[in-house]
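Enquirer: One structure, pasted below without further comment.
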Amino acid sequence: MSDPLYLNAEGLKAPAGHYSHAVVVNGLVFVSGLLPVDAQGNMLASASFEVQTRQALDNLAVILKASGSAVSRLVQVRAYLSNIENWTEFNRIYQAWIGDVRPARAVVPVPGLHHGVAIEIEAVGAVTD
Amino acid sequence: MSDPLYLNAEGLKAPAGHYSHAVVVNGLVFVSGLLPVDAQGNMLASASFEVQTRQALDNLAVILKASGSAVSRLVQVRAYLSNIENWTEFNRIYQAWIGDVRPARAVVPVPGLHHGVAIEIEAVGAVTD
Amino acid sequence: MSDPLYLNAEGLKAPAGHYSHAVVVNGLVFVSGLLPVDAQGNMLASASFEVQTRQALDNLAVILKASGSAVSRLVQVRAYLSNIENWTEFNRIYQAWIGDVRPARAVVPVPGLHHGVAIEIEAVGAVTD
């Protein structure tokens with residue numbers, strides 16, 4: 001049993017609140033809820049759903065790599081959508097981003113997200129030995 | 001540290017999106033968000049809350065078994081309800097389904113779910129040696 | 001691989017539904033969705049957001065300790081808020097409560113919570129050897 005490792009990924013905007021980008025423990029990495037924010041800290045609330053989704057997913061990829069995991073080792077992904085009508089578009093963008101691997105997934109409708117963005121993404125990954 | 005095992009359960013409708021029914025890693029199984037869909041792929045959106053809930057839970061049982069886990073080894077269950085007024089009925093149906101075991105649980109209200117269903121269920125189980 | 005350990009914390013109101021306060025498995029503890037309920041079972045739905053948040057967090061601390069974990073070993077925290085405008089106040093109260101440790105975190109907006117409360121909190125912690 002190791003202690004949890006709290007980490008922020010270089011190259012991403014530091015967390016805006018009191019949290020870490022991710023925590024590694026027992027061979028798993030738990031990733032915080034990610035919003036579509038770019039590396040300069042701009043919240044992409046007025047961008048298209050596709051641009052917002054790609055930004056959140058790209059942030060996830062950076063965090064997974066910094067945690068010793070990878071997109072190809074994702075275990076679970078949870079996407080919160082402020083408009084569930086975006087389900088099909090989310091699925092399309094997500095599939096193009098992730099490739100062949102198919103983690104467990106839940107798509108959860110929510111009322112308006114923080115900062116008025118359209119998507120928030122959480123994930124759990126497996127860490128490489 | 002083993003690699004994640006991505007699996008779909010036989011006897012259930014294959015996932016409608018880019019995900020697996022469940023992923024096994026490090027002795028745990030992470031189950032995708034399950035909707036009340038029957039084995040033929042019919043979404044039970046117009047059925048009663050009880051019928052929808054039983055269908056989603058029965059799907060969960062099949063997936064747990066296929067993953068080397070079991071209802072009796074559930075660790076955590078998360079139920080998303082489009083009408084939180086169904087809390088009491090959910091609790092009653094769930095208790096009858098699960099029996100004595102009492103996993104950690106959260107009941108989360110959400111705006112209208114995908115396909116207009118009344119419930120979505122996620123879970124984590126422990127895998128048998 | 002050990003069997004899951006299902007537990008309720010002494011000093012807290014027993015769960016109102018068919019669940020345990022927490023489940024320990026494989027070095028992790030999964031904590032149920034916690035509402036702002038006091039030790040006598042009073043739901044603090046009419047209290048201020050701050051009082052509600054402190055109560056839910058204090059309940060979490062008791063459960064973590066009873067599980068062999070601790071606030072300082074939290075891995076992930078998920079806060080469901082019925083009014084996302086409380087994000088900043090939540091972050092402030094949470095930071096004061098938790099101190100230096102920064103678990104992975106997600107703040108998720110939801111429609112009205114059960115019993116009309118303002119916050120529900122879920123968590124995963126690491127258990128001490």
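Naming works like this for the structure tokens: A, B, ... for the chains as they're shown, residue 1 at the start of each chain, ligands 1 onward in shown order.
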I'd like the contact shell of Leu28 in chain B - 6 Å cut-off, only C-alpha atoms, skipping same-chain residues fewer than 5 positions apart - returned as a PyMOL selection string.
Expert: chain B and resi 125-127
Enquirer: Determine, counting only C-alpha atoms, which protein, DNA and RNA residues have an atom within 9 Å of an atom of Val62 in chain B; residues of the same chain fewer than 6 positions away are not included. Present the result as a list in words.
Expert: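 The residues that qualify are Ala9, Glu10, Gly11, Leu12 and Ala70 of chain B.
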Enquirer: Any chance you could export the current selection's N, CA, C and O atoms as an mmCIF file, in the first residue's frame?
Expert:
```
data_model
loop_
_atom_site.group_PDB
_atom_site.id
_atom_site.type_symbol
_atom_site.label_atom_id
_atom_site.label_comp_id
_atom_site.auth_asym_id
_atom_site.auth_seq_id
_atom_site.Cartn_x
_atom_site.Cartn_y
_atom_site.Cartn_z
ATOM 1 N N ALA B 9 -20.691 -8.290 -21.849
ATOM 2 C CA ALA B 9 -21.334 -9.499 -21.339
ATOM 3 C C ALA B 9 -22.199 -10.137 -22.426
ATOM 4 O O ALA B 9 -23.000 -9.459 -23.071
ATOM 5 N N GLU B 10 -22.053 -11.442 -22.591
ATOM 6 C CA GLU B 10 -22.948 -12.164 -23.506
ATOM 7 C C GLU B 10 -24.364 -12.114 -22.967
ATOM 8 O O GLU B 10 -24.590 -12.107 -21.759
ATOM 9 N N GLY B 11 -25.321 -12.088 -23.875
ATOM 10 C CA GLY B 11 -26.720 -12.111 -23.454
ATOM 11 C C GLY B 11 -27.310 -10.722 -23.295
ATOM 12 O O GLY B 11 -28.517 -10.571 -23.141
ATOM 13 N N LEU B 12 -26.452 -9.714 -23.303
ATOM 14 C CA LEU B 12 -26.942 -8.332 -23.245
ATOM 15 C C LEU B 12 -26.733 -7.673 -24.603
ATOM 16 O O LEU B 12 -25.864 -8.054 -25.374
ATOM 17 N N ALA B 70 -19.855 -10.269 -8.611
ATOM 18 C CA ALA B 70 -21.205 -10.741 -8.296
ATOM 19 C C ALA B 70 -21.953 -9.623 -7.585
ATOM 20 O O ALA B 70 -21.342 -8.704 -7.040
#
```
Enquirer: What are the closest atom pairs, with distances in Å to one decimal, for all residues of chain A lying within 6 Å of chain B? Consider only C-alpha atoms, order rows by chain and residue number, and present the result as JSON lines.
Expert:
```
{"residue": "A:Arg102", "atom": "CA", "partner": "B:Tyr19", "partner_atom": "CA", "distance": 4.4}
{"residue": "A:Pro103", "atom": "CA", "partner": "B:Tyr19", "partner_atom": "CA", "distance": 5.5}
{"residue": "A:Ala104", "atom": "CA", "partner": "B:Ser32", "partner_atom": "CA", "distance": 4.6}
{"residue": "A:Arg105", "atom": "CA", "partner": "B:Ser32", "partner_atom": "CA", "distance": 4.7}
{"residue": "A:Ala106", "atom": "CA", "partner": "B:Gly33", "partner_atom": "CA", "distance": 4.4}
{"residue": "A:Val110", "atom": "CA", "partner": "B:Val110", "partner_atom": "CA", "distance": 5.8}
```
Enquirer: Run DSSP on the backbone and grab whatever in chain C lands in alpha helix (DSSP H); send it over as a count of residues only.
Expert: 30
Enquirer: Could you pull out the strand (DSSP E) residues of range 28-125 of chain C, going by DSSP on the backbone, and write them as a ChimeraX atom specification?
Expert: /C:28-34,74-81,104-109,119-125
Enquirer: Could you save the residues just selected, with C-alpha atoms, as an mmCIF file, in the first residue's frame?
Expert:
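Produced file result_33.cif, reproduced below:
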```cif
data_model
loop_
_atom_site.group_PDB
_atom_site.id
_atom_site.type_symbol
_atom_site.label_atom_id
_atom_site.label_comp_id
_atom_site.auth_asym_id
_atom_site.auth_seq_id
_atom_site.Cartn_x
_atom_site.Cartn_y
_atom_site.Cartn_z
ATOM 1 C CA LEU C 28 -9.334 1.963 -0.870
ATOM 2 C CA VAL C 29 -12.484 3.104 0.860
ATOM 3 C CA PHE C 30 -15.515 4.092 -1.212
ATOM 4 C CA VAL C 31 -17.773 6.464 0.738
ATOM 5 C CA SER C 32 -21.510 6.785 0.024
ATOM 6 C CA GLY C 33 -23.104 10.022 -1.077
ATOM 7 C CA LEU C 34 -23.340 12.086 2.113
ATOM 8 C CA LEU C 74 -8.385 11.379 0.501
ATOM 9 C CA VAL C 75 -7.919 10.402 -3.134
ATOM 10 C CA GLN C 76 -11.039 11.817 -4.753
ATOM 11 C CA VAL C 77 -13.952 14.016 -3.727
ATOM 12 C CA ARG C 78 -17.110 14.636 -5.752
ATOM 13 C CA ALA C 79 -19.471 17.401 -4.661
ATOM 14 C CA TYR C 80 -22.959 17.619 -6.144
ATOM 15 C CA LEU C 81 -24.355 21.151 -5.808
ATOM 16 C CA ALA C 104 -8.763 14.920 -7.229
ATOM 17 C CA ARG C 105 -12.119 16.669 -7.243
ATOM 18 C CA ALA C 106 -15.197 17.236 -9.330
ATOM 19 C CA VAL C 107 -17.997 19.683 -8.637
ATOM 20 C CA VAL C 108 -21.158 18.535 -10.381
ATOM 21 C CA PRO C 109 -24.325 20.617 -10.739
ATOM 22 C CA ILE C 119 -24.971 19.560 -1.286
ATOM 23 C CA GLU C 120 -24.125 15.856 -1.495
ATOM 24 C CA ILE C 121 -20.547 14.579 -1.195
ATOM 25 C CA GLU C 122 -18.952 11.310 -2.331
ATOM 26 C CA ALA C 123 -15.342 10.309 -1.776
ATOM 27 C CA VAL C 124 -12.644 7.702 -2.212
ATOM 28 C CA GLY C 125 -9.821 7.457 0.307
#
```
Enquirer: Smallest atom-to-atom distance to Glu85 in chain B: which of B:Pro15, B:Val71, B:Phe49, B:Gly27, using only C-alpha atoms?
Expert: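 Result for the nearest residue to Glu85 in chain B: B:Phe49.
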Enquirer: Between CA of Gln52 in chain C and CA of Ala118 in chain C, what distance in Å does the model show, to one decimal?
Expert: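 A separation of 7.1 Å between them.
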